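**Q** Sharing query-v7.cif, mmCIF, C-alpha atoms:
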data_entry
#
loop_
_atom_site.label_atom_id
_atom_site.label_comp_id
_atom_site.auth_asym_id
_atom_site.auth_seq_id
_atom_site.Cartn_x
_atom_site.Cartn_y
_atom_site.Cartn_z
CA MET K 276 64.58 69.01 -123.94
CA SER K 277 65.69 69.64 -120.37
CA ALA K 278 65.82 67.03 -117.61
CA ARG K 279 62.54 68.53 -116.37
CA GLY K 280 60.73 68.29 -119.73
CA GLN K 281 60.34 69.97 -123.12
CA SER K 282 61.42 73.61 -123.04
CA TYR K 283 59.72 76.27 -125.13
CA ARG K 284 61.34 79.27 -126.75
CA TYR K 285 59.37 82.49 -127.14
CA VAL K 286 57.76 82.56 -130.61
CA GLY K 287 55.50 85.61 -130.22
CA PRO K 288 55.95 89.18 -131.46
CA VAL K 289 59.61 90.22 -131.42
CA GLU K 290 58.76 93.68 -130.08
CA LEU K 291 57.38 92.14 -126.88
CA LYS K 292 60.57 90.20 -126.24
CA ALA K 293 62.67 93.27 -127.10
CA ALA K 294 60.81 95.20 -124.38
CA VAL K 295 61.83 92.75 -121.63
CA ARG K 296 64.15 94.42 -119.13
CA PRO K 297 66.94 92.48 -117.38
CA ASP K 298 65.28 93.03 -113.98
CA SER K 299 61.85 91.90 -115.17
CA GLY K 300 60.29 88.58 -114.43
CA GLY K 301 57.51 87.14 -112.39
CA CYS K 302 57.76 86.49 -108.68
CA PRO K 303 59.53 83.15 -108.18
CA ILE K 304 57.46 80.74 -106.08
CA GLY K 305 59.64 77.80 -105.11
CA SER K 306 58.12 76.91 -101.75
CA ALA K 307 54.97 77.16 -99.66
CA ALA K 308 56.56 80.06 -97.76
CA ASP K 309 57.21 81.92 -101.03
CA PHE K 310 53.58 81.44 -102.07
CA ASP K 311 52.22 82.47 -98.67
CA SER K 312 54.30 85.68 -98.72
CA TRP K 313 53.28 86.50 -102.29
CA ILE K 314 49.56 85.86 -101.88
CA ALA K 315 49.39 87.72 -98.54
CA GLU K 316 50.29 90.93 -100.41
CA LEU K 317 47.34 90.66 -102.82
CA SER K 318 43.98 92.36 -102.43
CA ALA K 319 40.68 90.48 -102.48
CA ALA K 320 39.97 92.07 -105.89
CA GLU K 321 43.26 90.78 -107.31
CA LEU K 322 42.41 87.26 -106.18
CA THR K 323 39.22 87.22 -108.23
CA GLU K 324 41.22 87.07 -111.48
CA PRO K 325 43.76 84.53 -112.67
CA PHE K 326 47.46 85.40 -112.88
CA THR K 327 50.04 85.09 -115.63
CA PHE K 328 52.39 82.19 -114.91
CA VAL K 329 55.41 80.50 -116.36
CA VAL K 330 57.42 77.55 -115.17
CA GLY K 331 61.06 78.33 -115.85
CA VAL K 332 63.52 75.74 -117.11
CA ASP K 333 64.67 75.53 -113.48
CA GLY K 334 61.21 74.14 -112.63
CA VAL K 335 60.23 77.17 -110.56
CA LEU K 336 56.75 78.68 -110.86
CA ARG K 337 56.77 82.43 -111.57
CA LEU K 338 53.66 84.58 -111.14
CA ALA K 339 52.74 88.04 -112.39
CA PRO K 340 49.56 90.12 -112.72
CA ARG K 341 47.05 88.77 -115.26
CA ARG K 342 47.73 91.17 -118.10
CA SER K 343 51.50 90.67 -117.95
CA GLU K 344 53.18 89.23 -121.02
CA HIS K 345 54.42 85.66 -120.57
CA VAL K 346 57.81 86.59 -122.01
CA THR K 347 58.14 89.35 -119.40
CA CYS K 348 57.10 86.98 -116.61
CA ALA K 349 59.84 84.62 -117.83
CA GLY K 350 62.42 87.42 -118.05
CA GLY K 351 62.78 86.62 -121.76
CA ALA K 352 63.96 83.08 -121.05
CA MET K 353 62.74 79.69 -122.23
CA VAL K 354 60.00 78.01 -120.21
CA LEU K 355 58.56 74.58 -119.47
CA SER K 356 54.98 75.92 -119.59
CA ALA K 357 53.05 79.21 -119.58
CA ASP K 358 49.62 80.86 -119.45
CA GLU K 359 47.14 81.81 -116.72
CA ILE K 360 46.48 80.29 -113.32
CA GLY K 361 43.78 81.01 -110.75
CA PHE K 362 43.67 80.24 -107.05
CA VAL K 363 40.87 79.71 -104.55
CA ARG K 364 40.92 79.29 -100.79
CA GLU K 365 39.44 75.92 -99.78
CA ARG K 366 39.37 74.37 -96.31
CA ASP K 367 42.09 76.70 -94.97
CA ARG K 368 44.48 76.05 -97.85
CA TRP K 369 45.04 77.29 -101.38
CA ALA K 370 44.03 75.26 -104.42
CA LEU K 371 43.87 75.83 -108.15
CA SER K 372 40.62 77.11 -109.60
CA SER K 373 41.93 77.19 -113.18
CA VAL K 374 45.10 76.63 -115.17
CA SER K 375 45.74 76.58 -118.92
CA ASN K 376 48.54 76.38 -121.48
CA GLN K 377 47.10 79.01 -123.85
CA SER K 378 50.20 81.19 -124.08
CA THR K 379 50.36 82.28 -127.72
CA GLY K 380 53.86 83.64 -127.08
CA TYR K 381 55.30 80.23 -126.13
CA CYS K 382 52.63 77.83 -127.49
CA PRO K 383 53.41 75.04 -125.00
CA ASP K 384 52.10 71.57 -125.72
CA ILE K 385 49.58 69.96 -123.37
CA GLY K 386 52.41 67.68 -122.21
CA SER K 387 53.82 70.73 -120.40
CA TRP K 388 51.31 69.93 -117.63
CA SER K 389 53.87 67.66 -115.94
CA ALA K 390 56.17 70.67 -115.32
CA VAL K 391 53.25 72.69 -113.92
CA ALA K 392 52.21 69.79 -111.70
CA ARG K 393 55.75 69.39 -110.30
CA ALA K 394 56.05 73.13 -109.62
CA LEU K 395 52.69 73.19 -107.83
CA ASP K 396 53.58 70.08 -105.83
CA ASP K 397 56.82 71.77 -104.76
CA VAL K 398 54.73 74.65 -103.39
CA GLY K 399 52.10 72.39 -101.83
CA ILE K 400 49.13 73.75 -103.79
CA GLU K 401 46.24 71.35 -104.35
CA ARG K 402 45.79 70.80 -108.08
CA PRO K 403 43.79 68.87 -110.67
CA SER K 404 45.30 66.03 -112.68
CA SER K 405 45.61 68.13 -115.87
CA PHE K 406 45.07 71.61 -117.28
CA THR K 407 41.52 72.81 -116.65
CA HIS K 408 41.59 74.18 -120.21
CA GLU K 409 43.91 72.45 -122.69
CA VAL K 410 45.00 74.19 -125.88
CA VAL K 411 46.56 72.39 -128.84
CA PHE K 412 49.02 74.49 -130.86
CA ARG K 413 50.42 73.63 -134.29
CA ARG K 414 52.48 75.49 -136.89
CA CYS K 415 51.31 75.13 -140.46
CA PRO K 416 54.03 73.47 -142.55
CA ASP K 417 52.87 75.40 -145.63
CA CYS K 418 52.26 79.00 -144.50
CA GLN K 419 54.21 78.77 -141.18
CA GLU K 420 51.40 80.42 -139.17
CA HIS K 421 50.68 79.31 -135.60
CA ASN K 422 47.26 77.75 -135.12
CA ILE K 423 45.06 76.75 -132.20
CA VAL K 424 43.47 73.43 -133.06
CA ARG K 425 39.79 73.35 -132.17
CA GLU K 426 37.61 70.25 -131.91
CA ASP K 427 40.34 68.04 -133.38
CA GLY K 428 40.22 70.02 -136.64
CA PHE K 429 43.87 69.78 -137.69
CA VAL K 430 43.45 72.25 -140.57
CA CYS K 431 45.22 75.60 -140.86
CA VAL K 432 42.77 78.48 -140.41
CA PHE K 433 45.01 80.69 -142.58
CA CYS K 434 45.59 78.57 -145.68
CA GLY K 435 43.52 75.40 -145.28
CA SER K 436 46.48 72.99 -145.24
CA ASP K 437 46.54 69.95 -143.00
CA LEU K 438 48.29 70.40 -139.67
CA PRO K 439 50.49 67.69 -138.14
CA GLU K 440 49.18 65.55 -135.28
CA THR K 441 52.31 66.19 -133.17
CA TRP K 442 53.48 69.49 -131.67
CA ASN K 443 55.72 71.37 -134.12
CA VAL K 444 55.51 75.06 -133.23
CA ASP K 445 59.22 75.56 -132.63
CA LEU K 446 61.38 72.55 -133.34
CA ILE K 447 64.61 74.51 -132.80
CA VAL K 448 65.41 74.17 -129.07
#
Could you render the structure from this file as structure tokens?
**A**
Amino acid sequence: MSARGQSYRYVGPVELKAAVRPDSGGCPIGSAADFDSWIAELSAAELTEPFTFVVGVDGVLRLAPRRSEHVTCAGGAMVLSADEIGFVRERDRWALSSVSNQSTGYCPDIGSWSAVARALDDVGIERPSSFTHEVVFRRCPDCQEHNIVREDGFVCVFCGSDLPETWNVDLIV
């Protein structure tokens, strides 16, 4: 746990983390000026799709093209949250159109929203009060597989065992 919130270690396929280069990583967006410079370089077509994002343990939002791996966007490091984020221009300013925590590489808990909210506030982007699409991740205590909990069904889709009510994907931090 960092001073900024729960941090998440990459728990996805090892070959994806092994492919991360030292100079990789998403574009750091720590201010409104950073965001304005980044978004000004994008085409209208690029703006129609969401982007891959992570919030690093430093609290900084990092953005990359949609099909980028979260672990690459994070430069292989731990994160405070991760998934996809979309932007829309409203009343001469940028706002969020969508944001989720569905990164199966990091499996962040829905409580990671607070780190996303702080990072967006630092940049001055209008945002909702929570993820527009929340995903609940759990690791099965019996078969150790990662699960997405749907409709409050805390049952492992792989072996049928009960899943815990609290986040447990990677308790080694």
**Q** With the file shown as input, list the residues that the PyMOL selection byres ((chain K and resi 324) around 10) selects, as a ChimeraX atom specification.
**A** /K:319-323,325-327,340-341,359-362
**Q** So how far away is atom CA of K:Tyr381 from atom CA of K:Ala349, in Å?
**A**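 Computed distance, atom CA of K:Ala349 to atom CA of K:Tyr381, equals 10.4 Å.
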**Q** Hey, which of K:Asn376, K:Ser405, K:Asn422, K:Ser356 ends up closest to K:Gly280? Count only C-alpha atoms.
**A** K:Ser356
**Q** Sorted by chain and rising residue number, list the residues of stretch 346-387 of chain K at most 7 Å from stretch 282-295 of chain K (counting all atoms listed in the file), each with its closest atom pair and distance in Å to one decimal, as JSON lines.
**A**
{"residue": "K:Val346", "atom": "CA", "partner": "K:Lys292", "partner_atom": "CA", "distance": 6.2}
{"residue": "K:Thr347", "atom": "CA", "partner": "K:Val295", "partner_atom": "CA", "distance": 5.5}
{"residue": "K:Gly350", "atom": "CA", "partner": "K:Val295", "partner_atom": "CA", "distance": 6.4}
{"residue": "K:Gly351", "atom": "CA", "partner": "K:Lys292", "partner_atom": "CA", "distance": 6.1}
{"residue": "K:Met353", "atom": "CA", "partner": "K:Arg284", "partner_atom": "CA", "distance": 4.8}
{"residue": "K:Val354", "atom": "CA", "partner": "K:Tyr283", "partner_atom": "CA", "distance": 5.2}
{"residue": "K:Leu355", "atom": "CA", "partner": "K:Ser282", "partner_atom": "CA", "distance": 4.7}
{"residue": "K:Thr379", "atom": "CA", "partner": "K:Gly287", "partner_atom": "CA", "distance": 6.6}
{"residue": "K:Gly380", "atom": "CA", "partner": "K:Gly287", "partner_atom": "CA", "distance": 4.1}
{"residue": "K:Tyr381", "atom": "CA", "partner": "K:Tyr285", "partner_atom": "CA", "distance": 4.8}
{"residue": "K:Pro383", "atom": "CA", "partner": "K:Tyr283", "partner_atom": "CA", "distance": 6.4}
**Q** Let me make sure I understand: among K:Thr441, K:Cys431, K:Val374, K:Val391, which one has the smallest atom-to-atom distance to K:His408 if we use all atoms listed in the file?
**A**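 Comparing K:Thr441, K:Cys431, K:Val374, K:Val391 against K:His408, the winner is K:Val374.
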**Q** Please enumerate the residues selected by the PyMOL selection byres ((chain K and resi 413) around 12) when evaluated against the supplied file, formatted as a JSON list (two decimals) with C-alpha atoms, in the coordinates of the input.
**A**
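Below is the file that was written, part.json:
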[["chain", "number", "residue", "atom", "x", "y", "z"],
["K", 379, "THR", "CA", 50.36, 82.28, -127.72],
["K", 381, "TYR", "CA", 55.30, 80.23, -126.13],
["K", 382, "CYS", "CA", 52.63, 77.83, -127.49],
["K", 383, "PRO", "CA", 53.41, 75.04, -125.00],
["K", 384, "ASP", "CA", 52.10, 71.57, -125.72],
["K", 385, "ILE", "CA", 49.58, 69.96, -123.37],
["K", 410, "VAL", "CA", 45.00, 74.19, -125.88],
["K", 411, "VAL", "CA", 46.56, 72.39, -128.84],
["K", 412, "PHE", "CA", 49.02, 74.49, -130.86],
["K", 414, "ARG", "CA", 52.48, 75.49, -136.89],
["K", 415, "CYS", "CA", 51.31, 75.13, -140.46],
["K", 416, "PRO", "CA", 54.03, 73.47, -142.55],
["K", 417, "ASP", "CA", 52.87, 75.40, -145.63],
["K", 418, "CYS", "CA", 52.26, 79.00, -144.50],
["K", 419, "GLN", "CA", 54.21, 78.77, -141.18],
["K", 420, "GLU", "CA", 51.40, 80.42, -139.17],
["K", 421, "HIS", "CA", 50.68, 79.31, -135.60],
["K", 422, "ASN", "CA", 47.26, 77.75, -135.12],
["K", 423, "ILE", "CA", 45.06, 76.75, -132.20],
["K", 424, "VAL", "CA", 43.47, 73.43, -133.06],
["K", 425, "ARG", "CA", 39.79, 73.35, -132.17],
["K", 427, "ASP", "CA", 40.34, 68.04, -133.38],
["K", 428, "GLY", "CA", 40.22, 70.02, -136.64],
["K", 429, "PHE", "CA", 43.87, 69.78, -137.69],
["K", 430, "VAL", "CA", 43.45, 72.25, -140.57],
["K", 431, "CYS", "CA", 45.22, 75.60, -140.86],
["K", 432, "VAL", "CA", 42.77, 78.48, -140.41],
["K", 436, "SER", "CA", 46.48, 72.99, -145.24],
["K", 437, "ASP", "CA", 46.54, 69.95, -143.00],
["K", 438, "LEU", "CA", 48.29, 70.40, -139.67],
["K", 439, "PRO", "CA", 50.49, 67.69, -138.14],
["K", 440, "GLU", "CA", 49.18, 65.55, -135.28],
["K", 441, "THR", "CA", 52.31, 66.19, -133.17],
["K", 442, "TRP", "CA", 53.48, 69.49, -131.67],
["K", 443, "ASN", "CA", 55.72, 71.37, -134.12],
["K", 444, "VAL", "CA", 55.51, 75.06, -133.23],
["K", 445, "ASP", "CA", 59.22, 75.56, -132.63],
["K", 446, "LEU", "CA", 61.38, 72.55, -133.34]]
**Q** Have a look at atom CA of K:Pro303 and atom CA of K:Ala315 and let me know their distance in Å, one decimal.
**A** 14.7 Å
**Q** To test your reading of the syntax: which residues would the PyMOL selection byres ((chain K and resi 307) around 6) return for the file shown? Reply as an MDAnalysis selection string.
**A** chainID K and resid 306 308:310 398:399
**Q** Could you tell me how far atom CA of K:Val332 lies from atom CA of K:Arg368, in Å and to one decimal?
**A** 27.1 Å
**Q** Considering all atoms listed in the file, state which residue in the set K:Gly300, K:Pro403, K:Gly386, K:Gly305 is at the smallest distance from K:Ser373.
**A**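 The closest residue to K:Ser373 is K:Pro403.
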**Q** Under the rule that only C-alpha atoms are counted, which of K:Ala370, K:Val330, K:Ala357, K:Cys348 is the nearest residue to K:Ala390?
**A**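 Of all the options, K:Val330 lies closest to K:Ala390.
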**Q** Report the centre and edge lengths, in Å to one decimal, of an axis-aligned box enclosing every atom of stretch 298-315 of chain K listed in the file, padded by 6 Å on each side, as lines of an AutoDock Vina configuration file.
**A**
center_x = 57.3
center_y = 85.0
center_z = -106.5
size_x = 27.9
size_y = 28.1
size_z = 29.4
